[in-house]
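Undergrad: Pasting structure33.cif below, which is mmCIF, C-alpha atoms.
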data_structure
loop_
_atom_site.group_PDB
_atom_site.id
_atom_site.type_symbol
_atom_site.label_atom_id
_atom_site.label_comp_id
_atom_site.auth_asym_id
_atom_site.auth_seq_id
_atom_site.Cartn_x
_atom_site.Cartn_y
_atom_site.Cartn_z
ATOM 1 C CA MET A 58 50.652 -38.001 26.476
ATOM 2 C CA ARG A 59 49.228 -38.718 23.035
ATOM 3 C CA TYR A 60 46.513 -40.856 24.604
ATOM 4 C CA ARG A 61 45.441 -37.998 26.906
ATOM 5 C CA ARG A 62 45.174 -35.542 24.018
ATOM 6 C CA ASP A 63 43.009 -37.918 21.970
ATOM 7 C CA HIS A 64 40.787 -38.509 24.974
ATOM 8 C CA ARG A 65 40.244 -34.761 25.398
ATOM 9 C CA ARG A 66 39.259 -34.403 21.740
ATOM 10 C CA GLU A 67 36.696 -37.180 22.028
ATOM 11 C CA SER A 68 35.085 -35.656 25.088
ATOM 12 C CA SER A 69 34.459 -32.262 23.373
ATOM 13 C CA VAL A 70 30.874 -31.015 23.636
ATOM 14 C CA LEU A 71 28.598 -31.989 20.742
ATOM 15 C CA ALA A 72 26.333 -28.972 20.097
ATOM 16 C CA PHE A 73 23.879 -27.950 17.416
ATOM 17 C CA ASN A 74 25.243 -24.945 15.537
ATOM 18 C CA ALA A 75 22.311 -22.550 15.581
ATOM 19 C CA THR A 76 24.097 -19.588 14.022
ATOM 20 C CA PRO A 77 22.963 -20.073 10.387
ATOM 21 C CA MET A 78 19.406 -20.677 11.558
ATOM 22 C CA VAL A 79 19.449 -17.479 13.607
ATOM 23 C CA ASP A 80 20.839 -15.614 10.603
ATOM 24 C CA VAL A 81 18.030 -16.875 8.389
ATOM 25 C CA PHE A 82 15.420 -16.055 11.040
ATOM 26 C CA PHE A 83 16.751 -12.532 11.313
ATOM 27 C CA MET A 84 16.735 -12.055 7.558
ATOM 28 C CA LEU A 85 13.177 -13.331 7.237
ATOM 29 C CA THR A 86 11.972 -11.258 10.184
ATOM 30 C CA ILE A 87 13.530 -8.070 8.822
ATOM 31 C CA PHE A 88 12.058 -8.809 5.374
ATOM 32 C CA PHE A 89 8.539 -9.281 6.709
ATOM 33 C CA MET A 90 8.850 -6.239 8.995
ATOM 34 C CA LEU A 91 9.741 -4.101 5.989
ATOM 35 C CA VAL A 92 7.103 -5.383 3.585
ATOM 36 C CA THR A 93 4.203 -5.648 6.033
ATOM 37 C CA ARG A 94 1.495 -3.033 5.802
ATOM 38 C CA PHE A 95 -1.172 -3.212 8.433
ATOM 39 C CA SER A 96 -4.433 -2.618 6.670
ATOM 40 C CA SER A 97 -6.835 -0.391 8.491
ATOM 41 C CA ALA A 98 -10.218 -1.640 9.651
ATOM 42 C CA GLU A 99 -11.884 0.988 7.499
ATOM 43 C CA GLN A 100 -10.415 -0.531 4.333
ATOM 44 C CA VAL A 101 -13.212 -2.951 3.604
ATOM 45 C CA PRO A 102 -12.239 -5.686 1.120
ATOM 46 C CA MET A 103 -13.366 -4.805 -2.397
ATOM 47 C CA GLU A 104 -12.127 -4.606 -5.970
ATOM 48 C CA LEU A 105 -10.728 -1.131 -6.520
ATOM 49 C CA PRO A 106 -10.496 0.574 -9.931
ATOM 50 C CA GLU A 107 -7.309 -0.105 -11.848
ATOM 51 C CA PRO A 108 -6.747 2.762 -14.267
ATOM 52 C CA THR A 109 -4.231 2.486 -17.092
ATOM 53 C CA ASP A 110 -1.019 4.260 -16.066
ATOM 54 C CA SER A 111 -2.604 5.261 -12.775
ATOM 55 C CA GLN A 112 -2.137 8.846 -11.615
ATOM 56 C CA ALA A 113 -3.237 7.946 -8.091
ATOM 57 C CA GLN A 114 -0.780 8.922 -5.396
ATOM 58 C CA VAL A 115 -0.216 7.651 -1.889
ATOM 59 C CA THR A 116 -0.827 10.707 0.266
ATOM 60 C CA LYS A 117 -1.947 11.255 3.821
ATOM 61 C CA ILE A 118 -4.864 13.581 4.390
ATOM 62 C CA PRO A 119 -4.979 14.919 7.958
ATOM 63 C CA GLU A 120 -8.709 15.509 8.191
ATOM 64 C CA ARG A 121 -10.687 13.132 6.094
ATOM 65 C CA VAL A 122 -13.769 10.998 6.087
ATOM 66 C CA LEU A 123 -13.624 7.735 4.185
ATOM 67 C CA ILE A 124 -16.810 6.403 2.611
ATOM 68 C CA ASN A 125 -16.859 2.806 1.435
ATOM 69 C CA CYS A 126 -19.232 1.855 -1.386
ATOM 70 C CA ARG A 127 -19.335 -1.858 -2.054
ATOM 71 C CA LEU A 128 -21.503 -4.672 -3.252
ATOM 72 C CA ALA A 129 -23.368 -6.574 -0.556
ATOM 73 C CA ASP A 130 -22.010 -9.849 -1.876
ATOM 74 C CA ILE A 131 -18.471 -9.373 -3.144
ATOM 75 C CA ASP A 132 -18.678 -12.605 -5.120
ATOM 76 C CA ASP A 133 -22.015 -11.805 -6.724
ATOM 77 C CA PRO A 134 -21.722 -8.626 -8.813
ATOM 78 C CA LEU A 135 -25.181 -9.240 -10.250
ATOM 79 C CA GLY A 136 -26.745 -8.921 -6.794
ATOM 80 C CA ARG A 137 -26.695 -5.136 -7.201
ATOM 81 C CA THR A 138 -27.249 -4.405 -3.520
ATOM 82 C CA VAL A 139 -24.884 -1.573 -2.646
ATOM 83 C CA LEU A 140 -23.711 -0.919 0.906
ATOM 84 C CA TYR A 141 -22.438 2.459 2.054
ATOM 85 C CA SER A 142 -20.433 2.885 5.235
ATOM 86 C CA VAL A 143 -18.391 5.621 6.861
ATOM 87 C CA GLY A 144 -14.965 4.323 7.854
ATOM 88 C CA PRO A 145 -15.117 1.085 9.863
ATOM 89 C CA ASN A 146 -18.797 1.594 10.747
ATOM 90 C CA ARG A 147 -21.587 -0.731 9.718
ATOM 91 C CA PRO A 148 -23.425 -0.051 6.456
ATOM 92 C CA GLU A 149 -25.961 2.742 6.742
ATOM 93 C CA PRO A 150 -28.501 4.441 4.496
ATOM 94 C CA ILE A 151 -27.344 7.447 2.495
ATOM 95 C CA SER A 152 -29.470 9.784 4.631
ATOM 96 C CA VAL A 153 -27.663 8.694 7.825
ATOM 97 C CA ILE A 154 -24.318 9.108 6.109
ATOM 98 C CA SER A 155 -25.372 12.605 5.082
ATOM 99 C CA ASP A 156 -26.121 13.460 8.726
ATOM 100 C CA ARG A 157 -22.748 12.102 9.784
ATOM 101 C CA LEU A 158 -20.964 14.178 7.129
ATOM 102 C CA ALA A 159 -22.827 17.305 8.224
ATOM 103 C CA ALA A 160 -21.783 16.766 11.859
ATOM 104 C CA MET A 161 -18.162 16.132 10.879
ATOM 105 C CA LYS A 162 -18.100 19.168 8.613
ATOM 106 C CA ARG A 163 -19.315 21.354 11.504
ATOM 107 C CA GLN A 164 -16.358 20.145 13.588
ATOM 108 C CA SER A 165 -13.747 20.544 10.869
ATOM 109 C CA ALA A 166 -13.926 23.101 8.072
ATOM 110 C CA GLU A 167 -10.994 21.529 6.230
ATOM 111 C CA LEU A 168 -12.632 18.116 5.993
ATOM 112 C CA GLU A 169 -11.962 16.148 2.815
ATOM 113 C CA ALA A 170 -13.943 13.198 1.532
ATOM 114 C CA VAL A 171 -12.347 9.984 0.273
ATOM 115 C CA VAL A 172 -14.627 7.727 -1.756
ATOM 116 C CA ARG A 173 -13.541 4.113 -1.857
ATOM 117 C CA ALA A 174 -15.844 2.386 -4.311
ATOM 118 C CA ASP A 175 -15.875 -1.073 -5.870
ATOM 119 C CA ARG A 176 -14.938 -0.957 -9.543
ATOM 120 C CA ARG A 177 -17.988 -3.051 -10.490
ATOM 121 C CA LEU A 178 -20.478 -0.527 -9.167
ATOM 122 C CA HIS A 179 -22.502 1.599 -11.525
ATOM 123 C CA TYR A 180 -21.744 5.277 -11.782
ATOM 124 C CA ALA A 181 -25.200 6.096 -10.399
ATOM 125 C CA ASP A 182 -24.372 4.196 -7.177
ATOM 126 C CA VAL A 183 -21.291 6.326 -6.534
ATOM 127 C CA ARG A 184 -22.861 9.540 -7.818
ATOM 128 C CA ALA A 185 -25.376 9.365 -4.966
ATOM 129 C CA VAL A 186 -22.466 9.593 -2.504
ATOM 130 C CA MET A 187 -20.759 12.346 -4.488
ATOM 131 C CA ARG A 188 -23.946 14.371 -4.399
ATOM 132 C CA VAL A 189 -24.277 13.979 -0.610
ATOM 133 C CA ILE A 190 -20.650 15.043 -0.158
ATOM 134 C CA ALA A 191 -21.178 18.175 -2.230
ATOM 135 C CA GLU A 192 -24.461 19.009 -0.493
ATOM 136 C CA ASN A 193 -22.713 19.008 2.883
ATOM 137 C CA GLY A 194 -20.177 21.577 1.731
ATOM 138 C CA ILE A 195 -17.181 19.243 1.468
ATOM 139 C CA GLU A 196 -15.243 20.617 -1.465
ATOM 140 C CA MET A 197 -12.383 18.150 -1.756
ATOM 141 C CA LEU A 198 -13.323 14.774 -3.167
ATOM 142 C CA ASN A 199 -10.682 12.052 -3.445
ATOM 143 C CA VAL A 200 -11.266 8.772 -5.196
ATOM 144 C CA VAL A 201 -9.308 5.664 -4.258
ATOM 145 C CA ALA A 202 -7.715 3.633 -7.037
ATOM 146 C CA HIS A 203 -4.797 1.284 -7.344
ATOM 147 C CA VAL A 204 -1.428 2.950 -7.644
ATOM 148 C CA GLY A 205 0.621 2.355 -10.783
ATOM 149 C CA GLU A 206 3.365 -0.230 -10.751
ATOM 150 C CA ASP A 207 6.211 2.293 -10.778
ATOM 151 C CA LYS A 208 4.982 4.340 -7.796
ATOM 152 C CA MET B 80 61.461 -37.317 43.786
ATOM 153 C CA ALA B 81 59.721 -34.087 43.949
ATOM 154 C CA THR B 82 61.532 -31.347 42.187
ATOM 155 C CA THR B 83 60.660 -27.737 42.548
ATOM 156 C CA ARG B 84 61.104 -25.228 39.814
ATOM 157 C CA PRO B 85 63.211 -22.311 40.953
ATOM 158 C CA ALA B 86 61.367 -19.041 41.316
ATOM 159 C CA ARG B 87 61.859 -16.753 38.374
ATOM 160 C CA ARG B 88 62.485 -13.091 38.576
ATOM 161 C CA ASP B 89 60.378 -10.694 36.570
ATOM 162 C CA GLY B 90 61.459 -10.267 32.996
ATOM 163 C CA GLN B 91 63.104 -13.677 32.770
ATOM 164 C CA ARG B 92 61.636 -16.224 30.396
ATOM 165 C CA ARG B 93 62.767 -19.665 29.536
ATOM 166 C CA ALA B 94 62.449 -21.734 26.406
ATOM 167 C CA GLY B 95 59.009 -23.348 26.436
ATOM 168 C CA ASP B 96 57.345 -20.497 28.300
ATOM 169 C CA THR B 97 55.341 -19.507 25.252
ATOM 170 C CA HIS B 98 53.547 -22.831 25.268
ATOM 171 C CA ILE B 99 52.684 -22.414 28.927
ATOM 172 C CA LEU B 100 51.320 -18.918 28.356
ATOM 173 C CA ARG B 101 49.092 -20.063 25.486
ATOM 174 C CA ARG B 102 47.640 -22.849 27.556
ATOM 175 C CA HIS B 103 47.075 -20.406 30.373
ATOM 176 C CA SER B 104 45.190 -17.941 28.160
ATOM 177 C CA ARG B 105 43.045 -20.746 26.754
ATOM 178 C CA ARG B 106 42.088 -21.673 30.276
ATOM 179 C CA ARG B 107 40.989 -18.080 30.986
ATOM 180 C CA ARG B 108 38.482 -18.257 28.174
ATOM 181 C CA VAL B 109 36.889 -21.300 29.679
ATOM 182 C CA ALA B 110 36.385 -20.274 33.257
ATOM 183 C CA GLY B 111 36.004 -23.237 35.551
ATOM 184 C CA GLY B 112 35.781 -25.616 32.588
ATOM 185 C CA VAL B 113 32.419 -24.172 31.453
ATOM 186 C CA PRO B 114 32.489 -22.394 28.075
ATOM 187 C CA MET B 115 31.583 -18.711 28.390
ATOM 188 C CA ALA B 116 28.910 -17.996 25.755
ATOM 189 C CA VAL B 117 25.848 -15.793 25.339
ATOM 190 C CA ASN B 118 22.659 -17.789 25.809
ATOM 191 C CA LEU B 119 20.965 -17.375 22.456
ATOM 192 C CA ALA B 120 17.893 -19.448 23.233
ATOM 193 C CA PRO B 121 15.583 -16.568 24.360
ATOM 194 C CA MET B 122 16.612 -14.456 21.391
ATOM 195 C CA ILE B 123 15.896 -17.310 19.004
ATOM 196 C CA ASP B 124 12.531 -17.824 20.673
ATOM 197 C CA VAL B 125 11.562 -14.181 20.276
ATOM 198 C CA THR B 126 12.806 -14.050 16.702
ATOM 199 C CA PHE B 127 10.902 -17.200 15.876
ATOM 200 C CA LEU B 128 7.704 -15.769 17.379
ATOM 201 C CA LEU B 129 8.134 -12.537 15.432
ATOM 202 C CA LEU B 130 8.735 -14.497 12.257
ATOM 203 C CA ILE B 131 5.589 -16.558 12.737
ATOM 204 C CA PHE B 132 3.595 -13.410 13.526
ATOM 205 C CA PHE B 133 4.688 -11.671 10.342
ATOM 206 C CA LEU B 134 4.238 -14.820 8.275
ATOM 207 C CA VAL B 135 0.647 -15.131 9.462
ATOM 208 C CA THR B 136 -0.333 -11.473 9.290
ATOM 209 C CA THR B 137 1.335 -10.438 6.043
ATOM 210 C CA THR B 138 -0.910 -10.144 3.031
ATOM 211 C CA PHE B 139 0.596 -8.989 -0.210
ATOM 212 C CA GLU B 140 -1.762 -6.393 -1.659
ATOM 213 C CA ARG B 141 -1.330 -3.649 -4.173
ATOM 214 C CA ALA B 142 -1.002 -0.153 -2.787
ATOM 215 C CA GLU B 143 -3.974 2.197 -2.817
ATOM 216 C CA GLY B 144 -3.723 5.836 -3.834
ATOM 217 C CA ILE B 145 -6.098 8.707 -4.334
ATOM 218 C CA ILE B 146 -7.068 10.876 -7.273
ATOM 219 C CA ALA B 147 -8.036 14.280 -5.916
ATOM 220 C CA SER B 148 -10.521 16.805 -7.238
ATOM 221 C CA ASP B 149 -12.271 19.982 -6.178
ATOM 222 C CA LEU B 150 -16.019 19.834 -5.969
ATOM 223 C CA PRO B 151 -18.128 22.921 -6.667
ATOM 224 C CA ASP B 152 -19.547 24.519 -3.550
ATOM 225 C CA VAL B 153 -23.234 23.903 -4.160
ATOM 226 C CA GLY B 154 -24.343 25.640 -0.988
ATOM 227 C CA VAL B 155 -22.969 29.095 -1.770
ATOM 228 C CA MET B 156 -23.419 29.792 -5.441
ATOM 229 C CA PRO B 157 -25.573 28.201 -8.118
ATOM 230 C CA ALA B 158 -24.055 26.318 -10.990
ATOM 231 C CA VAL B 159 -23.188 28.738 -13.777
ATOM 232 C CA PRO B 160 -22.457 27.881 -17.393
ATOM 233 C CA LEU B 161 -18.771 27.573 -18.149
ATOM 234 C CA PRO B 162 -17.373 30.606 -19.981
ATOM 235 C CA ILE B 163 -15.255 28.545 -22.336
ATOM 236 C CA SER B 164 -16.648 25.838 -24.518
ATOM 237 C CA PRO B 165 -15.510 22.683 -22.716
ATOM 238 C CA ILE B 166 -14.417 19.326 -24.057
ATOM 239 C CA VAL B 167 -17.230 16.938 -23.214
ATOM 240 C CA VAL B 168 -16.211 13.291 -22.886
ATOM 241 C CA ARG B 169 -19.190 10.926 -22.822
ATOM 242 C CA ILE B 170 -19.011 7.319 -21.672
ATOM 243 C CA SER B 171 -21.786 4.834 -22.231
ATOM 244 C CA GLN B 172 -22.116 1.136 -21.510
ATOM 245 C CA THR B 173 -22.891 -0.929 -24.590
ATOM 246 C CA GLY B 174 -23.143 -4.358 -22.975
ATOM 247 C CA PRO B 175 -22.770 -6.310 -19.764
ATOM 248 C CA GLY B 176 -19.086 -7.112 -20.263
ATOM 249 C CA HIS B 177 -16.191 -5.234 -18.737
ATOM 250 C CA GLU B 178 -14.939 -4.003 -22.111
ATOM 251 C CA ASP B 179 -18.392 -3.119 -23.449
ATOM 252 C CA TYR B 180 -18.200 0.652 -23.307
ATOM 253 C CA MET B 181 -18.025 3.503 -25.766
ATOM 254 C CA ILE B 182 -16.296 6.867 -25.619
ATOM 255 C CA ARG B 183 -17.630 9.896 -27.487
ATOM 256 C CA ILE B 184 -16.295 13.434 -27.493
ATOM 257 C CA ASP B 185 -18.668 16.209 -28.513
ATOM 258 C CA ARG B 186 -17.698 18.051 -31.726
ATOM 259 C CA PHE B 187 -14.831 15.654 -32.377
ATOM 260 C CA GLU B 188 -15.071 12.638 -34.622
ATOM 261 C CA ASP B 189 -12.966 9.495 -34.371
ATOM 262 C CA ALA B 190 -12.822 9.431 -30.604
ATOM 263 C CA PRO B 191 -10.624 6.599 -29.314
ATOM 264 C CA GLN B 192 -12.352 3.447 -28.215
ATOM 265 C CA ASP B 193 -10.209 2.773 -25.164
ATOM 266 C CA PHE B 194 -8.811 4.820 -22.326
ATOM 267 C CA GLU B 195 -5.224 4.042 -23.246
ATOM 268 C CA ALA B 196 -5.454 6.180 -26.407
ATOM 269 C CA LEU B 197 -7.627 8.905 -24.882
ATOM 270 C CA PRO B 198 -4.771 11.035 -23.436
ATOM 271 C CA ASP B 199 -3.094 11.326 -26.857
ATOM 272 C CA PHE B 200 -6.387 12.303 -28.458
ATOM 273 C CA LEU B 201 -6.978 14.995 -25.829
ATOM 274 C CA ARG B 202 -3.433 16.306 -26.302
ATOM 275 C CA GLN B 203 -4.125 16.644 -30.038
ATOM 276 C CA ILE B 204 -7.265 18.652 -29.210
ATOM 277 C CA GLN B 205 -5.205 20.896 -26.931
ATOM 278 C CA GLN B 206 -2.978 21.741 -29.919
ATOM 279 C CA GLN B 207 -5.906 23.134 -31.864
ATOM 280 C CA PRO B 208 -6.695 26.874 -31.775
ATOM 281 C CA GLY B 209 -8.968 27.846 -28.898
ATOM 282 C CA PHE B 210 -7.966 24.874 -26.760
ATOM 283 C CA ASP B 211 -5.217 24.440 -24.214
ATOM 284 C CA ARG B 212 -4.582 22.658 -20.925
ATOM 285 C CA GLN B 213 -6.857 25.119 -19.142
ATOM 286 C CA THR B 214 -9.819 24.169 -21.296
ATOM 287 C CA PRO B 215 -12.372 22.486 -19.014
ATOM 288 C CA VAL B 216 -13.051 18.817 -19.569
ATOM 289 C CA VAL B 217 -16.461 17.559 -18.547
ATOM 290 C CA ILE B 218 -16.909 13.828 -17.997
ATOM 291 C CA VAL B 219 -20.463 12.743 -18.608
ATOM 292 C CA ALA B 220 -21.073 9.099 -17.749
ATOM 293 C CA GLU B 221 -24.377 7.312 -18.058
ATOM 294 C CA ASN B 222 -25.894 5.819 -14.940
ATOM 295 C CA ASP B 223 -25.125 2.214 -15.822
ATOM 296 C CA VAL B 224 -21.463 2.790 -16.673
ATOM 297 C CA ARG B 225 -19.119 0.885 -14.416
ATOM 298 C CA TRP B 226 -17.270 2.972 -11.836
ATOM 299 C CA ASP B 227 -14.016 1.473 -13.122
ATOM 300 C CA HIS B 228 -14.564 3.191 -16.496
ATOM 301 C CA VAL B 229 -15.361 6.533 -14.875
ATOM 302 C CA VAL B 230 -12.147 6.444 -12.825
ATOM 303 C CA ASN B 231 -10.213 5.280 -15.881
ATOM 304 C CA CYS B 232 -11.568 8.214 -17.890
ATOM 305 C CA TRP B 233 -10.730 10.640 -15.087
ATOM 306 C CA ASN B 234 -7.232 9.182 -14.928
ATOM 307 C CA ALA B 235 -6.816 9.502 -18.713
ATOM 308 C CA VAL B 236 -7.854 13.180 -18.617
ATOM 309 C CA LEU B 237 -5.282 13.767 -15.871
ATOM 310 C CA ARG B 238 -2.659 11.992 -17.976
ATOM 311 C CA ALA B 239 -3.423 14.383 -20.837
ATOM 312 C CA GLY B 240 -2.446 17.255 -18.544
ATOM 313 C CA CYS B 241 -5.899 18.781 -18.306
ATOM 314 C CA GLN B 242 -6.173 20.960 -15.234
ATOM 315 C CA ARG B 243 -9.888 21.661 -15.054
ATOM 316 C CA ILE B 244 -12.033 18.541 -14.823
ATOM 317 C CA ALA B 245 -15.702 18.420 -13.993
ATOM 318 C CA PHE B 246 -18.472 15.822 -13.842
ATOM 319 C CA GLY B 247 -21.625 16.506 -15.786
ATOM 320 C CA GLU B 248 -25.127 15.168 -15.367
ATOM 321 C CA PRO B 249 -25.983 12.386 -17.815
#
If you convert what's in this file into structure tokens, what do you get?
TA:
Amino acid sequence: MRYRRDHRRESSVLAFNATPMVDVFFMLTIFFMLVTRFSSAEQVPMELPEPTDSQAQVTKIPERVLINCRLADIDDPLGRTVLYSVGPNRPEPISVISDRLAAMKRQSAELEAVVRADRRLHYADVRAVMRVIAENGIEMLNVVAHVGEDK
Amino acid sequence: MATTRPARRDGQRRAGDTHILRRHSRRRRVAGGVPMAVNLAPMIDVTFLLLIFFLVTTTFERAEGIIASDLPDVGVMPAVPLPISPIVVRISQTGPGHEDYMIRIDRFEDAPQDFEALPDFLRQIQQQPGFDRQTPVVIVAENDVRWDHVVNCWNAVLRAGCQRIAFGEP
């Protein structure tokens, strides 16, 4: 009888205990799902302004047009070639952007402009866009900056 | 010699029956000798794929926010001089470096030399007679000033609680 019991114990199935691994996988997956933010195609890589104690707020604007102002070569700030683009579009001259803004403003009276400009640009580079926005009757101008640490 | 156990009537139990019942219930858990268990392999596969996807796609970046402002409607009415004497904050670039800038405030001496101290200075101005939070603040930046400094100045004026902010021509 004792022999039979020992034999049964020896023939028990040897299996890899996957439970802790599954637990860790779940934890990691949930973590990455929570922290992931899918960046939009219109958010062109650039260095944004970082104000001290930033008052910038994360808000959603229903009807907006985003204008990117960036250096042609992100690694060469002395190149001084500035590219302007509306949303995910290719860079265009200011005059074309002005036409686009005029057409969008005709479709939506509540249109707001969001200027996303590289911090290394000169004020004159961004002022050209601000002037075009104002000329097309868009009254709300929003400037993108980094949000403070506590927000 | 084959012995047969006498048939029991319902409700009758003998000594040793408990052991038999336990063995019987253990057998029910393992139907036909095969352990009954949920097959976790597909779930692990999917979880692993999701994990790899998020590991590859996640980029840790700082959040972006917006600083809002109202622009004057240039198409309807011409620019008119402000009725109240505004606080004019001037920014100029003094060199090629990031920290090479200078802040000046018209009619006020000893303007701070960085944007961290600017809100306190503006709050002190607001305490003076004839000034309050409604007093317009005009930011006048020279053409070669870095956009970072302009936004920093704008942010500092907002921190001071000023409610009417405008941009002036250099």
Undergrad: Could you list, as a PyMOL selection string, the residues of chain B having an atom within 6 Å of chain A when counting all atoms listed in the file?
TA: chain B and resi 130+133+137+142-150+222-227+231
Undergrad: Just the number, please: distance in Å from atom CA of Ala235 of chain B to atom CA of Ile151 of chain A, one decimal.
TA: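 Between these atoms lies a distance of 29.6 Å.
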Undergrad: Return as number ranges by chain the set of residues that the PyMOL selection byres ((chain B and resi 213) around 10) yields on the displayed structure.
TA: B: 163, 165, 205, 210-212, 214-216, 240-244
Undergrad: Could you state the separation of atom CA of Phe73 of chain A and atom CA of Leu129 of chain B in Å, given to one decimal place?
TA: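 These atoms are spaced 22.1 Å apart.
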Undergrad: Neighbouring residues of Val167 of chain B were defined as those with any atom within 8 Å, considering all atoms listed in the file; residues of the same chain fewer than 3 positions away were excluded. Please report them as a list in words.
TA: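 The neighbour list is Ile184, Asp185, Val216, Val217, Ile218 and Val219 of chain B.
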Undergrad: When you look at Arg147 of chain A with a cut-off of 12 Å (counting all atoms listed in the file), what residues show up, excluding the ones that are within fewer than 5 positions of it in the same chain? I need them as number ranges by chain.
TA: A: 98-99, 101, 124-126, 129, 140-142, 153-154
Undergrad: Just give me the gap between atom CA of Leu123 of chain A and atom CA of Val229 of chain B in Å, one decimal is fine.
TA: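 We find that atom CA of Leu123 of chain A and atom CA of Val229 of chain B lie 19.2 Å from each other.
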Undergrad: Find the residues around Ser165 of chain A up to 9 Å (all atoms listed in the file counted), leave out those fewer than 4 positions away in its own chain, and share them as a ChimeraX atom specification.
TA: /A:120,160-161
Undergrad: Pick the closest to Glu221 of chain B from B:Gln192, B:Gln172, B:Thr136, B:Ser164: which is it, counting only C-alpha atoms?
TA: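 Selected residue with least distance to Glu221 of chain B: B:Gln172.
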